[in-house]
Number of protein chains: 2
Amino acid sequence: MAKKALVVLAEGFEEIEAVTPIDILRRAGLEVIVAGLTGRLVKGSRAIIVQADKILDDVINDDFDALILPGGSMGAKHLAESDKVTSLIRNVMLKGKIIAAICAAPALVLYPKGILKGRSVTGFPGIGLESAKDVKYKTDRVVIDGNIITSRGAGTSMEFALAILEILTDAKTAKKVKEAVLA
Amino acid sequence: MAKKALVVLAEGFEEIEAVTPIDILRRAGLEVIVAGLTGRLVKGSRAIIVQADKILDDVINDDFDALILPGGSMGAKHLAESDKVTSLIRNVMLKGKIIAAICAAPALVLYPKGILKGRSVTGFPGIGLESAKDVKYKTDRVVIDGNIITSRGAGTSMEFALAILEILTDAKTAKKVKEAVLA
């Protein structure tokens, strides 16, 4: 059965960071559920409005192989403040599923939950993760440490998406999609 | 006054190719109008639904500094079949404004209108542009020839967007945005 990923969109999400993994994973035939945090029409950081497939409430108890959190500082702030997202992250960690966060999301959403402790991570520069003593901060464009995948910003979205795809499938599938999109 | 760009979304548009230039140009403060070809809710090639700002009819007579056409083979086919898009392209060419097309759009939308004659261009491989005797086909990721900017696929969207931005503003502005997104 195809692997299943959940992407949560909150008002202020970074559009490239959200759309790239959805697109890339669907190209490989994976099931991607795009869920709006509070409603179906969600406005991004650059005012692009995406109509989510579902609202988060409708899928919160479903099983997923990966939870994907885009950045955008306001979007990440909204995700960070949501009890539902906290509960999703807790479940993903308990089940050892994949959690993938980019840009502001590692620092603002994942770090405060304590799940990055001792992990190699990256994120958007200058929002606190570099100075956190309990993580191993890297400047690589994508960092994979166990089940946690982190990346840096809109310009690293393609590498981020392909890394998630490779973890959920295999190197051959990721290479095929990479070549098909000329990345 | 900020430069103004029009992005036309047709059912089947490639999401990364559309969202990346909209996002990147708006980051630099440019005005970007996202217009749906026939309606405001437009479903992309990977089933991501974007709510356009306008429908094309509402803005067809406005002045723009650039017309941006995303790919996705079905999306490009719909653009190619539209008399409104033909008229837009004719006006952009007459006024010497920028026309930017990526992936399937150069071959399916621009080439049949005859505007690529003698021009250096690129596009998604294998859909006919390589064998066209009246264009200078390149395999570069972005090709700029006068007012026509072409690019290859979803994976070249960031370079495509930054090239459009540089043409509409300047190298310094494009470099600043490139660095801000870590591209």
# chains A, B, ... in the order shown; residues from 1 in each chain; ligands from 1
$ residues_around --residues "segment 11-26 of chain A" --least-positions-apart "5" --cutoff "8 Å" --atoms "only C-alpha atoms" --output "VMD selection string"
(chain A and resid 31 to 32 34 42 to 48 69 to 76 78 102 153 to 154 157 to 158 160 to 162 164 to 165 177) or (chain B and resid 15 to 16 19 to 20 23 46 48)
$ residues_around --residues "Ser87 of chain A" --least-positions-apart "4" --cutoff "12 Å" --atoms "only C-alpha atoms" --output "list in words"
Leu56, Asp57, Ile60, Asn61, Leu67, Leu79, Ala80, Glu81, Ser82, Asp83, Asn91, Val92, Met93, Leu94, Leu110 and Lys113 of chain A
$ write_last_selection --atoms "N, CA, C and O atoms" --output "PDB file, in the first residue's frame"
ATOM      1  N   LEU A  56      -8.110  19.640   9.721  1.00  0.00           N
ATOM      2  CA  LEU A  56      -7.303  18.733  10.550  1.00  0.00           C
ATOM      3  C   LEU A  56      -8.168  17.831  11.431  1.00  0.00           C
ATOM      4  O   LEU A  56      -7.865  16.643  11.590  1.00  0.00           O
ATOM      5  N   ASP A  57      -9.255  18.388  11.971  1.00  0.00           N
ATOM      6  CA  ASP A  57     -10.163  17.598  12.817  1.00  0.00           C
ATOM      7  C   ASP A  57     -10.633  16.299  12.153  1.00  0.00           C
ATOM      8  O   ASP A  57     -10.843  15.294  12.829  1.00  0.00           O
ATOM      9  N   ILE A  60      -7.400  13.814  12.214  1.00  0.00           N
ATOM     10  CA  ILE A  60      -6.478  13.821  13.353  1.00  0.00           C
ATOM     11  C   ILE A  60      -6.242  12.426  13.944  1.00  0.00           C
ATOM     12  O   ILE A  60      -5.168  12.144  14.480  1.00  0.00           O
ATOM     13  N   ASN A  61      -7.225  11.532  13.805  1.00  0.00           N
ATOM     14  CA  ASN A  61      -7.049  10.184  14.357  1.00  0.00           C
ATOM     15  C   ASN A  61      -6.613   9.143  13.330  1.00  0.00           C
ATOM     16  O   ASN A  61      -6.487   7.959  13.646  1.00  0.00           O
ATOM     17  N   LEU A  67       4.511  13.113   8.962  1.00  0.00           N
ATOM     18  CA  LEU A  67       3.874  14.413   9.226  1.00  0.00           C
ATOM     19  C   LEU A  67       4.823  15.476   8.689  1.00  0.00           C
ATOM     20  O   LEU A  67       5.996  15.502   9.041  1.00  0.00           O
ATOM     21  N   LEU A  79       1.009  26.714  14.057  1.00  0.00           N
ATOM     22  CA  LEU A  79       1.157  25.267  14.299  1.00  0.00           C
ATOM     23  C   LEU A  79       1.645  25.029  15.732  1.00  0.00           C
ATOM     24  O   LEU A  79       1.164  24.134  16.427  1.00  0.00           O
ATOM     25  N   ALA A  80       2.593  25.862  16.156  1.00  0.00           N
ATOM     26  CA  ALA A  80       3.199  25.687  17.490  1.00  0.00           C
ATOM     27  C   ALA A  80       2.168  25.864  18.600  1.00  0.00           C
ATOM     28  O   ALA A  80       2.239  25.207  19.642  1.00  0.00           O
ATOM     29  N   GLU A  81       1.222  26.752  18.366  1.00  0.00           N
ATOM     30  CA  GLU A  81       0.224  27.073  19.401  1.00  0.00           C
ATOM     31  C   GLU A  81      -0.948  26.088  19.440  1.00  0.00           C
ATOM     32  O   GLU A  81      -1.817  26.188  20.306  1.00  0.00           O
ATOM     33  N   SER A  82      -0.978  25.161  18.482  1.00  0.00           N
ATOM     34  CA  SER A  82      -2.134  24.269  18.381  1.00  0.00           C
ATOM     35  C   SER A  82      -1.953  22.998  19.213  1.00  0.00           C
ATOM     36  O   SER A  82      -0.991  22.244  19.029  1.00  0.00           O
ATOM     37  N   ASP A  83      -2.903  22.736  20.096  1.00  0.00           N
ATOM     38  CA  ASP A  83      -2.869  21.502  20.882  1.00  0.00           C
ATOM     39  C   ASP A  83      -3.002  20.272  19.990  1.00  0.00           C
ATOM     40  O   ASP A  83      -2.455  19.208  20.287  1.00  0.00           O
ATOM     41  N   ASN A  91       2.059  11.654  18.852  1.00  0.00           N
ATOM     42  CA  ASN A  91       1.711  10.352  18.273  1.00  0.00           C
ATOM     43  C   ASN A  91       2.737   9.875  17.247  1.00  0.00           C
ATOM     44  O   ASN A  91       3.095   8.703  17.210  1.00  0.00           O
ATOM     45  N   VAL A  92       3.184  10.807  16.410  1.00  0.00           N
ATOM     46  CA  VAL A  92       4.180  10.453  15.396  1.00  0.00           C
ATOM     47  C   VAL A  92       5.462   9.966  16.073  1.00  0.00           C
ATOM     48  O   VAL A  92       6.062   8.961  15.662  1.00  0.00           O
ATOM     49  N   MET A  93       5.872  10.658  17.119  1.00  0.00           N
ATOM     50  CA  MET A  93       7.096  10.271  17.839  1.00  0.00           C
ATOM     51  C   MET A  93       6.917   8.921  18.547  1.00  0.00           C
ATOM     52  O   MET A  93       7.799   8.069  18.498  1.00  0.00           O
ATOM     53  N   LEU A  94       5.769   8.738  19.172  1.00  0.00           N
ATOM     54  CA  LEU A  94       5.495   7.468  19.874  1.00  0.00           C
ATOM     55  C   LEU A  94       5.542   6.274  18.922  1.00  0.00           C
ATOM     56  O   LEU A  94       6.050   5.209  19.259  1.00  0.00           O
ATOM     57  N   LEU A 110       8.898  22.238  16.477  1.00  0.00           N
ATOM     58  CA  LEU A 110       9.458  21.000  17.053  1.00  0.00           C
ATOM     59  C   LEU A 110      10.298  21.237  18.308  1.00  0.00           C
ATOM     60  O   LEU A 110      10.187  20.493  19.287  1.00  0.00           O
ATOM     61  N   LYS A 113       8.724  21.436  21.804  1.00  0.00           N
ATOM     62  CA  LYS A 113       8.119  20.181  22.301  1.00  0.00           C
ATOM     63  C   LYS A 113       9.185  19.251  22.896  1.00  0.00           C
ATOM     64  O   LYS A 113       8.860  18.167  23.388  1.00  0.00           O
TER      65      LYS A 113
END
$ residues_around --residues "Val142 of chain A" --least-positions-apart "6" --cutoff "8 Å" --atoms "only C-alpha atoms" --output "list of chain:residue names"
A:Thr122, A:Ile149, A:Thr150, A:Ser151, A:Arg152, A:Thr156, A:Glu159, A:Phe160, A:Ala163
$ closest_residue --among "B:Val50, B:Ala107, B:Ala171, B:Ala180" --to "chain A" --atoms "only C-alpha atoms"
B:Val50
$ atom_distance --atom1 "atom CA of Val135 of chain A" --atom2 "atom CA of Ile148 of chain A"
12.4 Å
$ select_by_dssp --residues "segment 97-162 of chain B" --states "strand (DSSP E)" --output "list in words"
Ile98, Ile99, Ala100, Ala101, Ile102, Ser120, Val121, Lys136, Tyr137, Val142, Val143, Ile144, Asp145, Ile148, Ile149, Thr150 and Ser151 of chain B
$ residues_around --residues "Lys95 of chain B" --least-positions-apart "4" --cutoff "12 Å" --atoms "only C-alpha atoms" --output "list in words"
Asp63, Phe64, Asp65, Ala66, Leu67, Leu88, Ile89, Arg90, Asn91, Ile99 and Asn147 of chain B
$ closest_residue --among "B:Leu37, B:Leu30, B:Ala52, B:Ala105" --to "chain A" --atoms "only C-alpha atoms"
B:Ala52
$ select_by_dssp --residues "chain A" --states "helix (DSSP H, G or I)" --output "number ranges by chain"
A: 15-27, 56-59, 73-80, 83-95, 104-113, 154-168, 171-180
$ residues_around --residues "Ile127 of chain B" --least-positions-apart "2" --cutoff "10 Å" --atoms "only C-alpha atoms" --output "ChimeraX atom specification"
/B:73,103-104,106-108,123-125,129-131
$ write_last_selection --atoms "all heavy atoms" --output "PDB file, in the first residue's frame"
ATOM      1  N   SER B  73       1.256  19.506 -18.409  1.00  0.00           N
ATOM      2  CA  SER B  73       0.850  19.368 -19.814  1.00  0.00           C
ATOM      3  C   SER B  73      -0.625  19.699 -20.033  1.00  0.00           C
ATOM      4  O   SER B  73      -0.962  20.385 -20.995  1.00  0.00           O
ATOM      5  CB  SER B  73       1.212  17.994 -20.384  1.00  0.00           C
ATOM      6  OG  SER B  73       0.669  16.993 -19.561  1.00  0.00           O
ATOM      7  N   CYS B 103       8.424  24.600 -18.652  1.00  0.00           N
ATOM      8  CA  CYS B 103       8.002  23.200 -18.794  1.00  0.00           C
ATOM      9  C   CYS B 103       7.274  22.969 -20.120  1.00  0.00           C
ATOM     10  O   CYS B 103       7.860  23.144 -21.182  1.00  0.00           O
ATOM     11  CB  CYS B 103       7.163  22.813 -17.571  1.00  0.00           C
ATOM     12  SG  CYS B 103       6.817  21.051 -17.438  1.00  0.00           S
ATOM     13  N   ALA B 104       6.011  22.599 -20.078  1.00  0.00           N
ATOM     14  CA  ALA B 104       5.262  22.341 -21.305  1.00  0.00           C
ATOM     15  C   ALA B 104       4.796  23.630 -21.991  1.00  0.00           C
ATOM     16  O   ALA B 104       4.407  23.604 -23.169  1.00  0.00           O
ATOM     17  CB  ALA B 104       4.044  21.476 -20.994  1.00  0.00           C
ATOM     18  N   PRO B 106       6.334  26.534 -23.069  1.00  0.00           N
ATOM     19  CA  PRO B 106       6.988  27.039 -24.289  1.00  0.00           C
ATOM     20  C   PRO B 106       6.564  26.256 -25.539  1.00  0.00           C
ATOM     21  O   PRO B 106       6.180  26.863 -26.544  1.00  0.00           O
ATOM     22  CB  PRO B 106       8.486  26.868 -23.994  1.00  0.00           C
ATOM     23  CG  PRO B 106       8.588  26.911 -22.496  1.00  0.00           C
ATOM     24  CD  PRO B 106       7.326  26.242 -22.002  1.00  0.00           C
ATOM     25  N   ALA B 107       6.587  24.922 -25.455  1.00  0.00           N
ATOM     26  CA  ALA B 107       6.256  24.096 -26.639  1.00  0.00           C
ATOM     27  C   ALA B 107       4.773  24.145 -26.984  1.00  0.00           C
ATOM     28  O   ALA B 107       4.399  24.262 -28.154  1.00  0.00           O
ATOM     29  CB  ALA B 107       6.675  22.646 -26.403  1.00  0.00           C
ATOM     30  N   LEU B 108       3.921  24.050 -25.950  1.00  0.00           N
ATOM     31  CA  LEU B 108       2.482  23.916 -26.232  1.00  0.00           C
ATOM     32  C   LEU B 108       1.754  25.245 -26.374  1.00  0.00           C
ATOM     33  O   LEU B 108       0.782  25.340 -27.114  1.00  0.00           O
ATOM     34  CB  LEU B 108       1.792  23.072 -25.146  1.00  0.00           C
ATOM     35  CG  LEU B 108       2.320  21.643 -24.923  1.00  0.00           C
ATOM     36  CD1 LEU B 108       1.415  20.878 -23.962  1.00  0.00           C
ATOM     37  CD2 LEU B 108       2.445  20.881 -26.241  1.00  0.00           C
ATOM     38  N   GLY B 123      12.715  24.246 -22.635  1.00  0.00           N
ATOM     39  CA  GLY B 123      11.401  23.762 -22.207  1.00  0.00           C
ATOM     40  C   GLY B 123      11.554  22.334 -21.722  1.00  0.00           C
ATOM     41  O   GLY B 123      12.673  21.800 -21.667  1.00  0.00           O
ATOM     42  N   PHE B 124      10.455  21.717 -21.352  1.00  0.00           N
ATOM     43  CA  PHE B 124      10.500  20.330 -20.890  1.00  0.00           C
ATOM     44  C   PHE B 124      10.967  19.437 -22.051  1.00  0.00           C
ATOM     45  O   PHE B 124      10.484  19.594 -23.170  1.00  0.00           O
ATOM     46  CB  PHE B 124       9.121  19.884 -20.401  1.00  0.00           C
ATOM     47  CG  PHE B 124       9.185  18.609 -19.604  1.00  0.00           C
ATOM     48  CD1 PHE B 124       9.665  18.622 -18.306  1.00  0.00           C
ATOM     49  CD2 PHE B 124       8.806  17.396 -20.154  1.00  0.00           C
ATOM     50  CE1 PHE B 124       9.753  17.443 -17.562  1.00  0.00           C
ATOM     51  CE2 PHE B 124       8.890  16.215 -19.420  1.00  0.00           C
ATOM     52  CZ  PHE B 124       9.364  16.246 -18.122  1.00  0.00           C
ATOM     53  N   PRO B 125      11.900  18.524 -21.773  1.00  0.00           N
ATOM     54  CA  PRO B 125      12.449  17.708 -22.863  1.00  0.00           C
ATOM     55  C   PRO B 125      11.412  16.769 -23.475  1.00  0.00           C
ATOM     56  O   PRO B 125      10.528  16.269 -22.784  1.00  0.00           O
ATOM     57  CB  PRO B 125      13.539  16.876 -22.179  1.00  0.00           C
ATOM     58  CG  PRO B 125      13.743  17.459 -20.815  1.00  0.00           C
ATOM     59  CD  PRO B 125      12.485  18.181 -20.460  1.00  0.00           C
ATOM     60  N   LEU B 129       9.939  20.703 -28.924  1.00  0.00           N
ATOM     61  CA  LEU B 129      10.677  21.941 -29.161  1.00  0.00           C
ATOM     62  C   LEU B 129      12.093  21.676 -29.684  1.00  0.00           C
ATOM     63  O   LEU B 129      12.616  22.451 -30.500  1.00  0.00           O
ATOM     64  CB  LEU B 129      10.730  22.742 -27.846  1.00  0.00           C
ATOM     65  CG  LEU B 129      10.671  24.259 -27.917  1.00  0.00           C
ATOM     66  CD1 LEU B 129       9.523  24.747 -28.777  1.00  0.00           C
ATOM     67  CD2 LEU B 129      10.533  24.837 -26.513  1.00  0.00           C
ATOM     68  N   GLU B 130      12.685  20.552 -29.242  1.00  0.00           N
ATOM     69  CA  GLU B 130      14.061  20.229 -29.662  1.00  0.00           C
ATOM     70  C   GLU B 130      14.161  20.073 -31.169  1.00  0.00           C
ATOM     71  O   GLU B 130      15.180  20.415 -31.769  1.00  0.00           O
ATOM     72  CB  GLU B 130      14.543  18.886 -29.061  1.00  0.00           C
ATOM     73  CG  GLU B 130      14.658  18.855 -27.563  1.00  0.00           C
ATOM     74  CD  GLU B 130      13.408  18.286 -26.907  1.00  0.00           C
ATOM     75  OE1 GLU B 130      12.306  18.499 -27.463  1.00  0.00           O
ATOM     76  OE2 GLU B 130      13.529  17.648 -25.849  1.00  0.00           O
ATOM     77  N   SER B 131      13.106  19.513 -31.766  1.00  0.00           N
ATOM     78  CA  SER B 131      13.171  19.200 -33.190  1.00  0.00           C
ATOM     79  C   SER B 131      12.609  20.327 -34.072  1.00  0.00           C
ATOM     80  O   SER B 131      12.625  20.228 -35.299  1.00  0.00           O
ATOM     81  CB  SER B 131      12.410  17.899 -33.465  1.00  0.00           C
ATOM     82  OG  SER B 131      11.112  18.004 -32.907  1.00  0.00           O
TER      83      SER B 131
END
$ closest_residue --among "A:Lys138, A:Lys84, A:Lys178, A:Lys3" --to "Ser120 of chain A" --atoms "only C-alpha atoms"
A:Lys138
$ atom_distance --atom1 "atom CA of Ala100 of chain A" --atom2 "atom CA of Tyr137 of chain A"
15.6 Å
$ residues_around --residues "Asp134 of chain B" --least-positions-apart "6" --cutoff "9 Å" --atoms "only C-alpha atoms" --output "ChimeraX atom specification"
/B:116-119
$ atom_distance --atom1 "atom CA of Ala2 of chain A" --atom2 "atom CA of Gly29 of chain A"
6.9 Å
